[in-house]
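Here is the file input_8.cif (mmCIF, C-alpha atoms).
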```
data_my_file
#
loop_
_atom_site.label_atom_id
_atom_site.label_comp_id
_atom_site.auth_asym_id
_atom_site.auth_seq_id
_atom_site.Cartn_x
_atom_site.Cartn_y
_atom_site.Cartn_z
CA MET A 1 0.79 -4.47 24.58
CA GLN A 2 -0.96 -4.78 21.21
CA SER A 3 -0.24 -7.27 18.43
CA LEU A 4 -1.48 -7.21 14.84
CA VAL A 5 -2.63 -10.72 13.92
CA SER A 6 -5.85 -9.90 12.06
CA ILE A 7 -7.09 -6.56 10.70
CA THR A 8 -9.95 -6.84 13.21
CA ASP A 9 -7.36 -6.31 15.99
CA PHE A 10 -7.34 -2.65 14.90
CA SER A 11 -10.31 -0.36 15.49
CA LYS A 12 -11.44 2.16 12.90
CA GLN A 13 -9.54 4.78 14.90
CA ASP A 14 -6.36 2.65 14.91
CA ILE A 15 -6.61 2.18 11.14
CA LEU A 16 -7.04 5.91 10.46
CA GLN A 17 -4.11 6.68 12.74
CA VAL A 18 -1.88 4.17 10.90
CA LEU A 19 -2.87 5.54 7.47
CA GLU A 20 -2.15 9.11 8.55
CA ARG A 21 1.25 7.97 9.79
CA ALA A 22 1.90 6.08 6.54
CA ALA A 23 1.32 9.30 4.59
CA ALA A 24 3.84 11.09 6.84
CA PHE A 25 6.41 8.35 6.19
CA GLU A 26 5.81 8.56 2.47
CA ALA A 27 6.56 12.28 2.62
CA ASN A 28 9.66 11.62 4.74
CA PRO A 29 10.71 7.99 4.41
CA ASN A 30 13.86 8.00 6.56
CA MET A 31 12.95 8.52 10.22
CA PRO A 32 15.22 6.91 12.83
CA LEU A 33 12.37 6.09 15.22
CA LEU A 34 13.57 2.50 15.73
CA SER A 35 17.12 3.53 16.52
CA GLY A 36 18.50 1.12 19.13
CA LYS A 37 15.63 -1.34 18.57
CA VAL A 38 15.84 -4.87 17.23
CA VAL A 39 13.07 -6.38 15.08
CA ALA A 40 12.97 -10.11 14.34
CA THR A 41 11.64 -11.26 10.97
CA LEU A 42 10.82 -14.95 11.32
CA PHE A 43 9.86 -16.42 7.96
CA PHE A 44 8.96 -20.04 8.67
CA GLU A 45 7.99 -20.21 4.99
CA PRO A 46 9.66 -18.17 2.28
CA SER A 47 8.06 -14.98 0.96
CA THR A 48 10.44 -12.67 -0.79
CA ARG A 49 8.15 -9.71 -1.43
CA THR A 50 6.64 -9.46 2.02
CA ARG A 51 9.97 -10.01 3.78
CA LEU A 52 11.76 -7.38 1.69
CA SER A 53 8.94 -4.92 2.27
CA PHE A 54 9.13 -5.40 6.05
CA GLU A 55 12.91 -5.28 6.10
CA THR A 56 12.88 -2.09 4.04
CA ALA A 57 10.37 -0.58 6.48
CA ILE A 58 12.54 -1.52 9.49
CA SER A 59 15.71 -0.25 7.80
CA ARG A 60 14.11 3.09 6.90
CA LEU A 61 13.14 3.47 10.55
CA GLY A 62 16.74 2.83 11.62
CA GLY A 63 16.03 -0.51 13.34
CA ARG A 64 18.25 -3.60 13.34
CA ILE A 65 16.98 -6.87 11.86
CA ILE A 66 17.55 -10.42 13.09
CA GLY A 67 15.78 -13.52 11.83
CA PHE A 68 15.60 -16.09 9.11
CA SER A 69 14.03 -16.37 5.69
CA ASP A 70 13.82 -20.14 5.59
CA ALA A 71 13.11 -22.37 8.57
CA SER A 72 15.13 -25.27 7.16
CA SER A 73 18.38 -23.73 8.37
CA THR A 74 17.17 -23.31 11.98
CA SER A 75 16.43 -25.43 15.06
CA ILE A 76 12.87 -25.81 13.78
CA SER A 77 14.23 -28.45 11.41
CA LYS A 78 15.49 -30.27 14.54
CA GLY A 79 11.93 -30.32 15.88
CA GLU A 80 11.87 -27.18 18.04
CA THR A 81 8.31 -26.15 18.80
CA LEU A 82 6.87 -22.82 17.71
CA LYS A 83 6.48 -21.92 21.39
CA ASP A 84 10.17 -22.41 22.12
CA THR A 85 11.24 -20.40 19.05
CA ILE A 86 8.97 -17.50 19.96
CA MET A 87 9.93 -17.55 23.66
CA MET A 88 13.61 -17.44 22.72
CA VAL A 89 13.33 -14.71 20.08
CA ALA A 90 11.11 -12.58 22.34
CA ASN A 91 14.13 -12.32 24.65
CA TYR A 92 16.22 -10.78 21.89
CA ALA A 93 13.87 -8.56 19.90
CA ASP A 94 11.50 -5.65 20.62
CA LEU A 95 9.01 -6.82 17.99
CA ILE A 96 8.50 -10.03 16.01
CA VAL A 97 7.28 -10.10 12.40
CA MET A 98 6.38 -13.66 11.44
CA ARG A 99 5.08 -15.66 8.52
CA HIS A 100 4.11 -19.26 9.13
CA PRO A 101 2.47 -21.92 6.94
CA LEU A 102 0.00 -22.98 9.68
CA GLU A 103 -3.23 -21.08 10.30
CA GLY A 104 -3.49 -19.56 13.76
CA ALA A 105 0.29 -19.65 14.33
CA ALA A 106 0.53 -15.87 14.75
CA ARG A 107 -2.44 -15.74 17.15
CA TYR A 108 -0.76 -18.39 19.28
CA ALA A 109 2.57 -16.54 19.15
CA ALA A 110 0.85 -13.32 20.25
CA GLU A 111 -0.62 -15.19 23.20
CA ILE A 112 2.75 -16.40 24.50
CA SER A 113 5.13 -13.64 23.40
CA ARG A 114 6.26 -10.86 25.71
CA VAL A 115 6.81 -8.55 22.71
CA PRO A 116 4.26 -7.55 20.03
CA ILE A 117 3.71 -9.82 17.03
CA ILE A 118 2.94 -8.71 13.48
CA ASN A 119 1.39 -11.45 11.37
CA ALA A 120 2.98 -11.40 7.92
CA GLY A 121 0.69 -14.25 6.79
CA ASP A 122 -0.43 -17.46 8.53
CA GLY A 123 -1.24 -19.95 5.81
CA ALA A 124 -4.45 -19.04 4.02
CA ASN A 125 -5.75 -17.22 7.10
CA GLN A 126 -4.75 -13.56 7.72
CA HIS A 127 -2.30 -11.02 6.34
CA PRO A 128 -3.30 -7.72 7.97
CA THR A 129 -0.51 -5.47 6.68
CA GLN A 130 -1.66 -6.33 3.13
CA THR A 131 -5.04 -4.89 4.16
CA LEU A 132 -3.39 -1.76 5.58
CA LEU A 133 -1.53 -1.15 2.34
CA ASP A 134 -4.73 -1.75 0.35
CA LEU A 135 -6.55 0.78 2.53
CA TYR A 136 -3.70 3.24 2.21
CA SER A 137 -3.76 2.84 -1.58
CA ILE A 138 -7.52 3.44 -1.68
CA GLN A 139 -7.33 6.50 0.55
CA LYS A 140 -4.38 7.92 -1.37
CA THR A 141 -5.96 7.52 -4.79
CA GLN A 142 -9.55 8.41 -3.88
CA GLY A 143 -8.90 11.00 -1.17
CA THR A 144 -11.16 9.16 1.28
CA LEU A 145 -12.19 5.72 2.52
CA HIS A 146 -15.83 6.71 2.92
CA GLY A 147 -18.51 5.72 0.42
CA ILE A 148 -16.16 4.00 -2.06
CA ASN A 149 -17.63 1.78 -4.80
CA ILE A 150 -15.41 -1.27 -4.76
CA ALA A 151 -15.63 -4.14 -7.24
CA MET A 152 -13.96 -7.33 -6.00
CA VAL A 153 -13.17 -9.73 -8.83
CA GLY A 154 -12.09 -13.36 -9.12
CA ASP A 155 -11.66 -15.81 -6.26
CA LEU A 156 -13.80 -14.31 -3.53
CA LYS A 157 -14.25 -17.62 -1.72
CA TYR A 158 -10.68 -18.47 -0.73
CA GLY A 159 -8.96 -15.10 -1.19
CA ARG A 160 -7.87 -13.90 2.25
CA THR A 161 -7.06 -10.40 1.00
CA VAL A 162 -10.61 -9.69 -0.14
CA HIS A 163 -12.08 -10.96 3.14
CA SER A 164 -9.85 -8.74 5.29
CA LEU A 165 -10.39 -5.76 2.99
CA LEU A 166 -14.15 -6.28 3.17
CA GLN A 167 -14.02 -6.34 6.99
CA ALA A 168 -12.00 -3.13 7.09
CA MET A 169 -13.88 -1.24 4.34
CA SER A 170 -17.21 -2.09 5.93
CA LEU A 171 -16.20 0.27 8.76
CA PHE A 172 -16.30 3.12 6.25
CA GLY A 173 -19.62 2.48 4.53
CA ALA A 174 -18.39 1.19 1.16
CA HIS A 175 -20.60 -0.19 -1.62
CA PHE A 176 -19.46 -3.64 -2.77
CA SER A 177 -19.83 -5.45 -6.11
CA PHE A 178 -18.74 -9.07 -5.97
CA ILE A 179 -17.83 -10.40 -9.40
CA ALA A 180 -16.97 -14.10 -9.30
CA PRO A 181 -17.89 -17.50 -10.73
CA GLN A 182 -20.53 -19.21 -8.60
CA GLU A 183 -17.98 -21.74 -7.28
CA LEU A 184 -15.86 -18.92 -5.90
CA ALA A 185 -18.58 -16.56 -4.66
CA MET A 186 -18.15 -14.46 -1.52
CA PRO A 187 -18.92 -16.72 1.48
CA ARG A 188 -22.16 -16.25 3.32
CA GLU A 189 -20.59 -15.14 6.60
CA TYR A 190 -19.04 -12.05 4.97
CA LYS A 191 -22.32 -11.10 3.29
CA GLN A 192 -24.03 -11.49 6.66
CA LEU A 193 -21.44 -9.16 8.20
CA LEU A 194 -22.32 -6.50 5.60
CA GLU A 195 -26.04 -7.01 6.16
CA ALA A 196 -25.55 -6.62 9.92
CA ARG A 197 -23.73 -3.33 9.29
CA GLY A 198 -26.42 -2.14 6.83
CA ILE A 199 -24.00 -2.08 3.88
CA ALA A 200 -25.22 -2.64 0.31
CA TYR A 201 -23.64 -5.23 -1.96
CA GLU A 202 -24.43 -6.82 -5.30
CA GLU A 203 -23.28 -10.04 -6.88
CA HIS A 204 -22.47 -10.64 -10.55
CA THR A 205 -20.76 -13.24 -12.68
CA ASP A 206 -19.80 -10.97 -15.58
CA LEU A 207 -16.74 -8.72 -15.27
CA ALA A 208 -16.95 -6.36 -18.24
CA GLU A 209 -20.52 -5.18 -17.57
CA HIS A 210 -20.16 -4.38 -13.87
CA ILE A 211 -17.08 -2.23 -13.42
CA GLY A 212 -18.49 0.99 -14.94
CA ASN A 213 -19.44 2.45 -11.58
CA ALA A 214 -16.41 1.33 -9.58
CA ASP A 215 -13.86 3.60 -7.89
CA ILE A 216 -11.67 0.60 -7.08
CA ILE A 217 -11.39 -2.67 -9.02
CA TYR A 218 -9.73 -5.23 -6.76
CA MET A 219 -8.53 -8.14 -8.89
CA THR A 220 -7.60 -11.58 -7.57
CA ARG A 221 -6.45 -14.73 -9.26
CA VAL A 222 -8.83 -17.54 -10.23
CA GLN A 223 -6.79 -20.69 -9.64
CA ARG A 224 -7.38 -23.96 -11.47
CA GLU A 225 -6.92 -26.04 -8.29
CA ARG A 226 -9.94 -24.36 -6.66
CA PHE A 227 -12.35 -26.05 -9.11
CA LEU A 228 -13.78 -29.52 -8.56
CA ASP A 229 -14.73 -29.68 -12.23
CA PRO A 230 -11.84 -28.82 -14.62
CA MET A 231 -14.38 -28.12 -17.39
CA GLU A 232 -15.89 -25.40 -15.25
CA TYR A 233 -12.46 -23.79 -14.85
CA GLU A 234 -11.93 -23.83 -18.61
CA ARG A 235 -15.34 -22.21 -19.07
CA VAL A 236 -14.73 -19.31 -16.69
CA LYS A 237 -10.96 -18.74 -16.75
CA ASN A 238 -11.04 -16.07 -19.44
CA VAL A 239 -14.16 -14.36 -18.11
CA TYR A 240 -12.16 -12.86 -15.25
CA VAL A 241 -9.24 -11.46 -17.20
CA LEU A 242 -9.19 -7.67 -17.13
CA GLN A 243 -8.26 -6.19 -20.50
CA ASN A 244 -7.42 -2.61 -21.40
CA LYS A 245 -10.45 -2.21 -23.67
CA MET A 246 -12.78 -3.00 -20.76
CA LEU A 247 -11.58 0.16 -19.02
CA GLN A 248 -12.88 2.53 -21.73
CA ASN A 249 -16.18 3.28 -20.04
CA THR A 250 -14.97 3.20 -16.45
CA LYS A 251 -14.84 6.24 -14.16
CA PRO A 252 -11.84 8.55 -14.59
CA ASN A 253 -10.83 8.11 -10.94
CA VAL A 254 -10.96 4.28 -10.97
CA LYS A 255 -7.82 2.43 -9.87
CA ILE A 256 -7.02 -1.24 -10.35
CA LEU A 257 -5.53 -3.00 -7.34
CA HIS A 258 -4.11 -6.51 -7.07
CA PRO A 259 -2.29 -8.14 -4.13
CA LEU A 260 0.28 -9.63 -6.56
CA PRO A 261 1.74 -11.87 -7.86
CA ARG A 262 -0.34 -11.53 -10.99
CA VAL A 263 -0.46 -14.44 -13.39
CA ASN A 264 -2.82 -13.73 -16.28
CA GLU A 265 -5.88 -12.13 -14.63
CA ILE A 266 -4.79 -8.66 -15.68
CA SER A 267 -3.71 -8.45 -19.30
CA THR A 268 -0.27 -6.80 -19.67
CA ASP A 269 -1.83 -4.17 -21.95
CA VAL A 270 -3.42 -2.70 -18.80
CA ASP A 271 0.00 -1.99 -17.24
CA GLY A 272 0.50 1.24 -19.20
CA ASN A 273 -2.99 2.58 -18.38
CA PRO A 274 -2.92 5.30 -15.68
CA LYS A 275 -5.80 3.42 -14.02
CA ALA A 276 -3.41 0.51 -13.25
CA TYR A 277 -2.15 0.96 -9.72
CA TYR A 278 -0.93 -2.48 -8.59
CA PHE A 279 2.81 -1.77 -8.69
CA ALA A 280 2.43 1.54 -6.84
CA GLN A 281 0.17 -0.33 -4.39
CA ALA A 282 3.00 -2.74 -3.55
CA GLY A 283 5.32 0.24 -3.00
CA ASN A 284 2.83 1.66 -0.51
CA GLY A 285 3.39 -1.47 1.58
CA VAL A 286 6.63 -0.12 2.99
CA PHE A 287 4.95 3.02 4.38
CA ALA A 288 1.95 1.12 5.74
CA ARG A 289 4.30 -1.36 7.45
CA MET A 290 6.45 1.44 8.89
CA ALA A 291 3.29 2.94 10.38
CA ALA A 292 2.05 -0.41 11.77
CA ILE A 293 5.43 -1.13 13.40
CA CYS A 294 5.51 2.30 15.05
CA LYS A 295 1.93 1.91 16.25
CA LEU A 296 2.75 -1.38 18.02
CA LEU A 297 6.01 -0.09 19.48
CA GLU A 298 4.33 3.20 20.46
CA CYS A 299 7.11 5.24 18.90
CA MET B 1 -47.34 -64.80 31.62
CA LYS B 2 -45.32 -63.18 34.34
CA GLU B 3 -43.80 -59.85 33.37
CA GLU B 4 -40.05 -59.89 33.63
CA LYS B 5 -38.94 -56.83 35.51
CA HIS B 6 -35.51 -56.25 36.92
CA LEU B 7 -32.85 -53.59 36.95
CA LYS B 8 -30.50 -53.90 34.00
CA VAL B 9 -27.81 -51.97 35.84
CA SER B 10 -27.29 -52.38 39.58
CA ALA B 11 -28.06 -49.47 41.90
CA ILE B 12 -25.38 -47.47 43.71
CA LYS B 13 -25.48 -46.20 47.26
CA ASN B 14 -23.68 -42.88 46.78
CA GLY B 15 -22.46 -41.29 43.58
CA THR B 16 -23.73 -40.09 40.22
CA VAL B 17 -25.86 -41.64 37.51
CA ILE B 18 -25.46 -39.96 34.14
CA ASP B 19 -28.53 -40.71 32.05
CA HIS B 20 -29.79 -39.83 28.57
CA ILE B 21 -26.41 -40.12 26.85
CA PRO B 22 -26.82 -40.92 23.12
CA SER B 23 -25.52 -44.46 22.49
CA GLY B 24 -22.83 -43.27 20.10
CA SER B 25 -21.47 -40.84 22.67
CA LEU B 26 -20.88 -43.15 25.65
CA PHE B 27 -17.14 -43.53 25.18
CA LYS B 28 -16.74 -39.85 24.32
CA VAL B 29 -18.32 -39.00 27.68
CA VAL B 30 -15.94 -41.47 29.35
CA GLU B 31 -13.03 -39.67 27.67
CA ILE B 32 -14.21 -36.17 28.50
CA LEU B 33 -14.82 -36.98 32.18
CA ALA B 34 -11.60 -39.07 32.32
CA LEU B 35 -13.60 -41.99 33.77
CA ASN B 36 -11.11 -44.42 32.23
CA ARG B 37 -8.86 -43.44 35.12
CA CYS B 38 -11.61 -43.61 37.74
CA LYS B 39 -10.76 -45.98 40.64
CA SER B 40 -14.25 -46.32 42.13
CA GLN B 41 -17.01 -48.70 41.01
CA LEU B 42 -18.04 -47.78 37.48
CA THR B 43 -20.91 -49.32 35.52
CA LEU B 44 -21.50 -48.54 31.87
CA GLY B 45 -24.64 -49.51 29.99
CA ASN B 46 -25.05 -48.99 26.28
CA ASN B 47 -27.79 -49.47 23.67
CA LEU B 48 -30.53 -49.35 26.29
CA GLU B 49 -34.07 -48.53 25.23
CA SER B 50 -34.99 -44.87 25.44
CA LYS B 51 -38.20 -43.08 24.47
CA LEU B 52 -36.26 -39.82 24.24
CA LEU B 53 -33.21 -40.94 22.26
CA GLY B 54 -34.14 -44.30 20.71
CA ALA B 55 -31.04 -45.92 22.14
CA LYS B 56 -29.23 -44.50 25.10
CA ALA B 57 -26.27 -45.09 27.32
CA ILE B 58 -26.00 -44.73 31.07
CA ILE B 59 -23.05 -44.36 33.41
CA LYS B 60 -23.12 -45.09 37.14
CA VAL B 61 -20.13 -44.02 39.11
CA ALA B 62 -19.94 -44.66 42.84
CA ASP B 63 -18.65 -42.08 45.33
CA ARG B 64 -18.00 -39.52 42.65
CA PHE B 65 -19.69 -36.12 42.28
CA PHE B 66 -19.11 -33.62 39.49
CA ALA B 67 -18.71 -29.85 39.55
CA ASP B 68 -20.92 -27.77 37.23
CA ASP B 69 -18.11 -27.02 34.76
CA GLU B 70 -17.22 -30.73 34.58
CA MET B 71 -20.84 -31.64 33.84
CA ASN B 72 -21.15 -28.96 31.17
CA ARG B 73 -18.10 -30.31 29.31
CA ILE B 74 -20.16 -33.27 28.07
CA ALA B 75 -22.84 -31.00 26.58
CA LEU B 76 -20.77 -31.11 23.37
CA VAL B 77 -21.59 -34.80 22.84
CA ALA B 78 -24.59 -35.39 25.10
CA PRO B 79 -26.68 -32.21 25.19
CA GLN B 80 -29.68 -33.95 26.80
CA ALA B 81 -27.70 -35.75 29.51
CA LYS B 82 -28.94 -35.68 33.10
CA PHE B 83 -26.75 -36.03 36.17
CA ASN B 84 -28.65 -37.77 39.00
CA ILE B 85 -26.93 -37.25 42.31
CA ILE B 86 -27.45 -40.28 44.56
CA ARG B 87 -27.14 -40.33 48.31
CA ASP B 88 -28.09 -43.44 50.26
CA TYR B 89 -29.81 -44.98 47.21
CA GLU B 90 -32.05 -41.90 46.79
CA VAL B 91 -31.94 -39.40 43.91
CA MET B 92 -31.21 -36.17 45.75
CA GLU B 93 -30.91 -33.90 42.74
CA LYS B 94 -31.18 -33.97 38.92
CA ARG B 95 -28.95 -31.66 36.93
CA THR B 96 -29.09 -30.88 33.21
CA VAL B 97 -26.10 -29.71 31.19
CA THR B 98 -25.60 -26.48 29.28
CA LEU B 99 -22.96 -25.81 26.64
CA PRO B 100 -20.46 -23.25 27.97
CA ASP B 101 -19.50 -20.11 25.97
CA ALA B 102 -15.93 -21.36 25.58
CA ILE B 103 -14.50 -24.86 25.18
CA VAL B 104 -10.91 -25.47 26.22
CA GLY B 105 -8.89 -28.60 25.54
CA ILE B 106 -11.75 -31.01 24.75
CA ALA B 107 -12.21 -30.94 21.00
CA ARG B 108 -9.92 -30.80 17.98
CA CYS B 109 -10.15 -28.08 15.34
CA MET B 110 -11.43 -29.59 12.07
CA ASN B 111 -9.07 -27.42 10.00
CA PRO B 112 -6.14 -29.70 9.07
CA MET B 113 -3.91 -26.62 8.63
CA CYS B 114 -4.70 -25.23 12.10
CA VAL B 115 -1.61 -24.76 14.25
CA THR B 116 -3.27 -26.68 17.10
CA ASN B 117 -3.21 -29.86 14.98
CA HIS B 118 0.58 -29.64 14.48
CA GLN B 119 2.00 -28.14 17.66
CA PRO B 120 1.50 -29.07 21.34
CA ILE B 121 -1.14 -26.38 21.94
CA LEU B 122 -4.27 -26.60 24.09
CA THR B 123 -7.27 -26.05 21.81
CA LYS B 124 -9.68 -23.18 22.54
CA PHE B 125 -13.03 -22.47 20.92
CA ASN B 126 -15.77 -19.91 21.26
CA VAL B 127 -19.22 -21.48 21.00
CA VAL B 128 -20.86 -19.48 18.20
CA SER B 129 -24.06 -21.55 18.17
CA LYS B 130 -25.26 -23.60 21.13
CA LYS B 131 -28.22 -24.99 19.22
CA ASP B 132 -26.22 -26.49 16.34
CA VAL B 133 -22.97 -26.85 18.34
CA LEU B 134 -20.69 -24.67 16.23
CA LEU B 135 -17.24 -24.04 17.68
CA GLN B 136 -14.99 -21.27 16.35
CA CYS B 137 -11.28 -21.91 16.85
CA CYS B 138 -9.59 -19.07 18.77
CA TYR B 139 -6.42 -19.54 16.69
CA CYS B 140 -7.38 -20.15 13.05
CA ASP B 141 -10.99 -18.80 13.30
CA LYS B 142 -12.42 -21.80 11.41
CA VAL B 143 -15.72 -23.22 12.63
CA THR B 144 -15.99 -26.89 13.63
CA ASP B 145 -19.50 -28.39 13.51
CA GLN B 146 -20.91 -31.35 15.41
CA GLU B 147 -20.45 -33.69 12.46
CA HIS B 148 -16.69 -33.07 12.44
CA LEU B 149 -16.27 -32.92 16.19
CA VAL B 150 -13.37 -35.05 17.42
CA ILE B 151 -12.77 -35.39 21.15
CA ILE B 152 -9.19 -35.25 22.35
CA LYS B 153 -8.29 -38.42 24.19
CA ASN B 154 -7.24 -38.18 27.81
CA GLY B 155 -3.67 -39.35 28.51
#
```
Just give me the structure of the file as structure tokens.
Amino acid sequence: MQSLVSITDFSKQDILQVLERAAAFEANPNMPLLSGKVVATLFFEPSTRTRLSFETAISRLGGRIIGFSDASSTSISKGETLKDTIMMVANYADLIVMRHPLEGAARYAAEISRVPIINAGDGANQHPTQTLLDLYSIQKTQGTLHGINIAMVGDLKYGRTVHSLLQAMSLFGAHFSFIAPQELAMPREYKQLLEARGIAYEEHTDLAEHIGNADIIYMTRVQRERFLDPMEYERVKNVYVLQNKMLQNTKPNVKILHPLPRVNEISTDVDGNPKAYYFAQAGNGVFARMAAICKLLEC
Amino acid sequence: MKEEKHLKVSAIKNGTVIDHIPSGSLFKVVEILALNRCKSQLTLGNNLESKLLGAKAIIKVADRFFADDEMNRIALVAPQAKFNIIRDYEVMEKRTVTLPDAIVGIARCMNPMCVTNHQPILTKFNVVSKKDVLLQCCYCDKVTDQEHLVIIKNG
């Protein structure tokens, strides 16, 4: 029995298999492969977009959904432990999708559950189906995952999506440009991972000058609360805002991705540019999640 | 002037003498080995002179012998500790400790948002560096270093 807690739980082969399946679901979105199956969606903290994406995926596969979208209305508010909740729900459902505010909650659930677990986010730690939909979006728009030039922009220190994407893309020999203020630079351990795999990367602090060669521009939000010095935030906050005019000299195939929600890091004048892909990217989440669910349930 | 020479801690007939414990780690070692619940004769010495450590602690416990995995548990807080196994007042064997590859249920994860700090879950770590004592949590993946190491108290 396999669970999906971190993207590193999937091998390169697993990932390619899931992406191929996602493409098949996109071509034919209503496949009753989960007919007669029950999937629990346990949202110990609210997340409308992720929950709706999972529930759409399950519905399109013909599965039934049980669960909750807010732990305050459940026995958890009476002090029930995570273990007891998971042990109980594992008796009812064939698969558990869970989001939890505590880091490591999904790994623990996978350890004790008798049915597979999909981690739909554990605090600031992991969110592997986001990575699958990012990979699917890259493959779909570029035709391949191999040898992609990817510029990661913004908060590269705390952003879980960029860390997981880096781990996965490093399996396919990408070239990375990290564009971030020094306070939010890519942590050392991820650069060491790339070095160990013989993968080239470069680091910059200026956005406009370093996206000309990119196939993918992966934007993330620079948050005020991440800065010890508020003056430093004021100095850099506008440096990492992508504007339509910056895209003039970029490659014709470049696509802009963002895990959403966006605040102001992508100017709204970019939305109409065919290089903007972030809304289509979110739509790809349903197909990637359908494929991940079927992989774990072996159906 | 006559040189004053006497044993600061009395000898034991049979049992274990744990030597070369850093002074600050004595009570952590007591916790880890659950010696607070030990019923046999137990002698603790702290802030003793040591050429190796500056100030050291020593534990003598009568009629008690430790398995390898028990001894290695204290490597987290006393990496240079030596277990002297005493039989009939003689040191029969000296054992050093080595940090195991995995640590279960001894230390707390330093990540305040880790699930193990909020739910009744046994902590588990992989030792990613034995030299610097770096422990990676098996649940949240965060690394706890020696400076932030907190030992879980025994019941």
Taking all atoms listed in the file into account, report as a compact mmCIF listing (two decimals) with C-alpha atoms, in the frame of the given file which residues of chain B lie within 8 Å of chain A.
```txt
# COMPACT_ATOMS: atom_id res chain seq x y z
CA MET B 113 -3.91 -26.62 8.63
CA CYS B 114 -4.70 -25.23 12.10
CA VAL B 115 -1.61 -24.76 14.25
CA THR B 116 -3.27 -26.68 17.10
CA GLN B 119 2.00 -28.14 17.66
CA PRO B 120 1.50 -29.07 21.34
CA CYS B 138 -9.59 -19.07 18.77
CA TYR B 139 -6.42 -19.54 16.69
CA CYS B 140 -7.38 -20.15 13.05
CA ASP B 141 -10.99 -18.80 13.30
```
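Between atom CA of Ile112 of chain A and atom CA of Ser35 of chain A there is a distance of 25.8 Å.
Take the candidates A:Asn149, A:Glu234, A:Ile293, A:Glu202 and check each one against Arg21 of chain A using all atoms listed in the file; the shortest distance goes to A:Ile293.
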*Between atom CA of Phe25 of chain A and atom CA of Tyr136 of chain A, measure the distance and give it in Å to one decimal.*
12.0 Å
*Using all atoms listed in the file, which residue out of A:Glu203, A:Asp155, A:Asp134, A:Glu209 lies closest to Ile256 of chain A?*
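Answer, going by the shortest atom-to-atom distance: A:Asp134.
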_Could you tell me how far atom CA of Pro187 of chain A sits from atom CA of His258 of chain A, in Å to one decimal place?_
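Between these atoms lies a distance of 19.9 Å.
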*Selection: 10 Å around Ser50 of chain B, only C-alpha atoms, excl. self and same-chain fewer than 6 positions, as a ChimeraX atom specification*: /B:20-23,56-57
*Could you name the residues that touch Asn238 of chain A at 10 Å or less, counting all atoms listed in the file, but leaving out those on the same chain fewer than 3 positions away, as number ranges by chain?*
A: 222, 233-235, 241-242, 264-265
*Run the PyMOL selection byres ((chain B and resi 147) around 12) mentally over the shown coordinates, then write out the matched residues as a ChimeraX atom specification, using the chain letters and numbers from the document.*
/B:76-77,110,132-135,143-146,148-151
Could those selected residues go to a file with C-alpha atoms, as a tab-separated table (two decimals), in the coordinates of the input?
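out-v2.tsv written:
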```tsv
chain	number	residue	atom	x	y	z
B	76	LEU	CA	-20.77	-31.11	23.37
B	77	VAL	CA	-21.59	-34.80	22.84
B	110	MET	CA	-11.43	-29.59	12.07
B	132	ASP	CA	-26.22	-26.49	16.34
B	133	VAL	CA	-22.97	-26.85	18.34
B	134	LEU	CA	-20.69	-24.67	16.23
B	135	LEU	CA	-17.24	-24.04	17.68
B	143	VAL	CA	-15.72	-23.22	12.63
B	144	THR	CA	-15.99	-26.89	13.63
B	145	ASP	CA	-19.50	-28.39	13.51
B	146	GLN	CA	-20.91	-31.35	15.41
B	148	HIS	CA	-16.69	-33.07	12.44
B	149	LEU	CA	-16.27	-32.92	16.19
B	150	VAL	CA	-13.37	-35.05	17.42
B	151	ILE	CA	-12.77	-35.39	21.15
```
*Skip Leu44 of chain B itself and residues of its chain fewer than 2 positions away, then list as a ChimeraX atom specification all residues within 9 Å of it, counting all atoms listed in the file.*
/B:9,26,42,46,57-61
Based on the selection just made, write C-alpha atoms of those residues as an mmCIF file, in the frame of the given file.
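Now in result-v8.cif:
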```cif
data_model
loop_
_atom_site.group_PDB
_atom_site.id
_atom_site.type_symbol
_atom_site.label_atom_id
_atom_site.label_comp_id
_atom_site.auth_asym_id
_atom_site.auth_seq_id
_atom_site.Cartn_x
_atom_site.Cartn_y
_atom_site.Cartn_z
ATOM 1 C CA VAL B 9 -27.810 -51.970 35.840
ATOM 2 C CA LEU B 26 -20.880 -43.150 25.650
ATOM 3 C CA LEU B 42 -18.040 -47.780 37.480
ATOM 4 C CA ASN B 46 -25.050 -48.990 26.280
ATOM 5 C CA ALA B 57 -26.270 -45.090 27.320
ATOM 6 C CA ILE B 58 -26.000 -44.730 31.070
ATOM 7 C CA ILE B 59 -23.050 -44.360 33.410
ATOM 8 C CA LYS B 60 -23.120 -45.090 37.140
ATOM 9 C CA VAL B 61 -20.130 -44.020 39.110
#
```
*So which one's closest to His204 of chain A, A:Gly154, A:Gly159, A:Gly36, A:Gly143? Using all atoms listed in the file, please.*
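Nearest candidate to His204 of chain A out of A:Gly154, A:Gly159, A:Gly36, A:Gly143: A:Gly154.
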*asked:* When you count all atoms listed in the file, which of these residues is closest to Ile138 of chain A: A:Leu52, A:Met98, A:Ala280, A:Leu42?
replied: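 Of the candidates, the smallest distance to Ile138 of chain A is held by A:Ala280.
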*Apply the PyMOL selection byres ((chain B and resi 80) around 9) to the displayed file and report the matching residues as a list of chain:residue names.*
B:Asp19, B:His20, B:Ile21, B:Pro22, B:Ala75, B:Ala78, B:Pro79, B:Ala81, B:Lys82, B:Thr96, B:Val97, B:Thr98
*asked:* If we count only C-alpha atoms and set the cut-off at 10 Å, which residues sit around Arg64 of chain A, ignoring sequence neighbours fewer than 4 positions away in its own chain? Please answer as a VMD selection string.
replied: chain A and resid 34 to 40 55 58 to 59 93
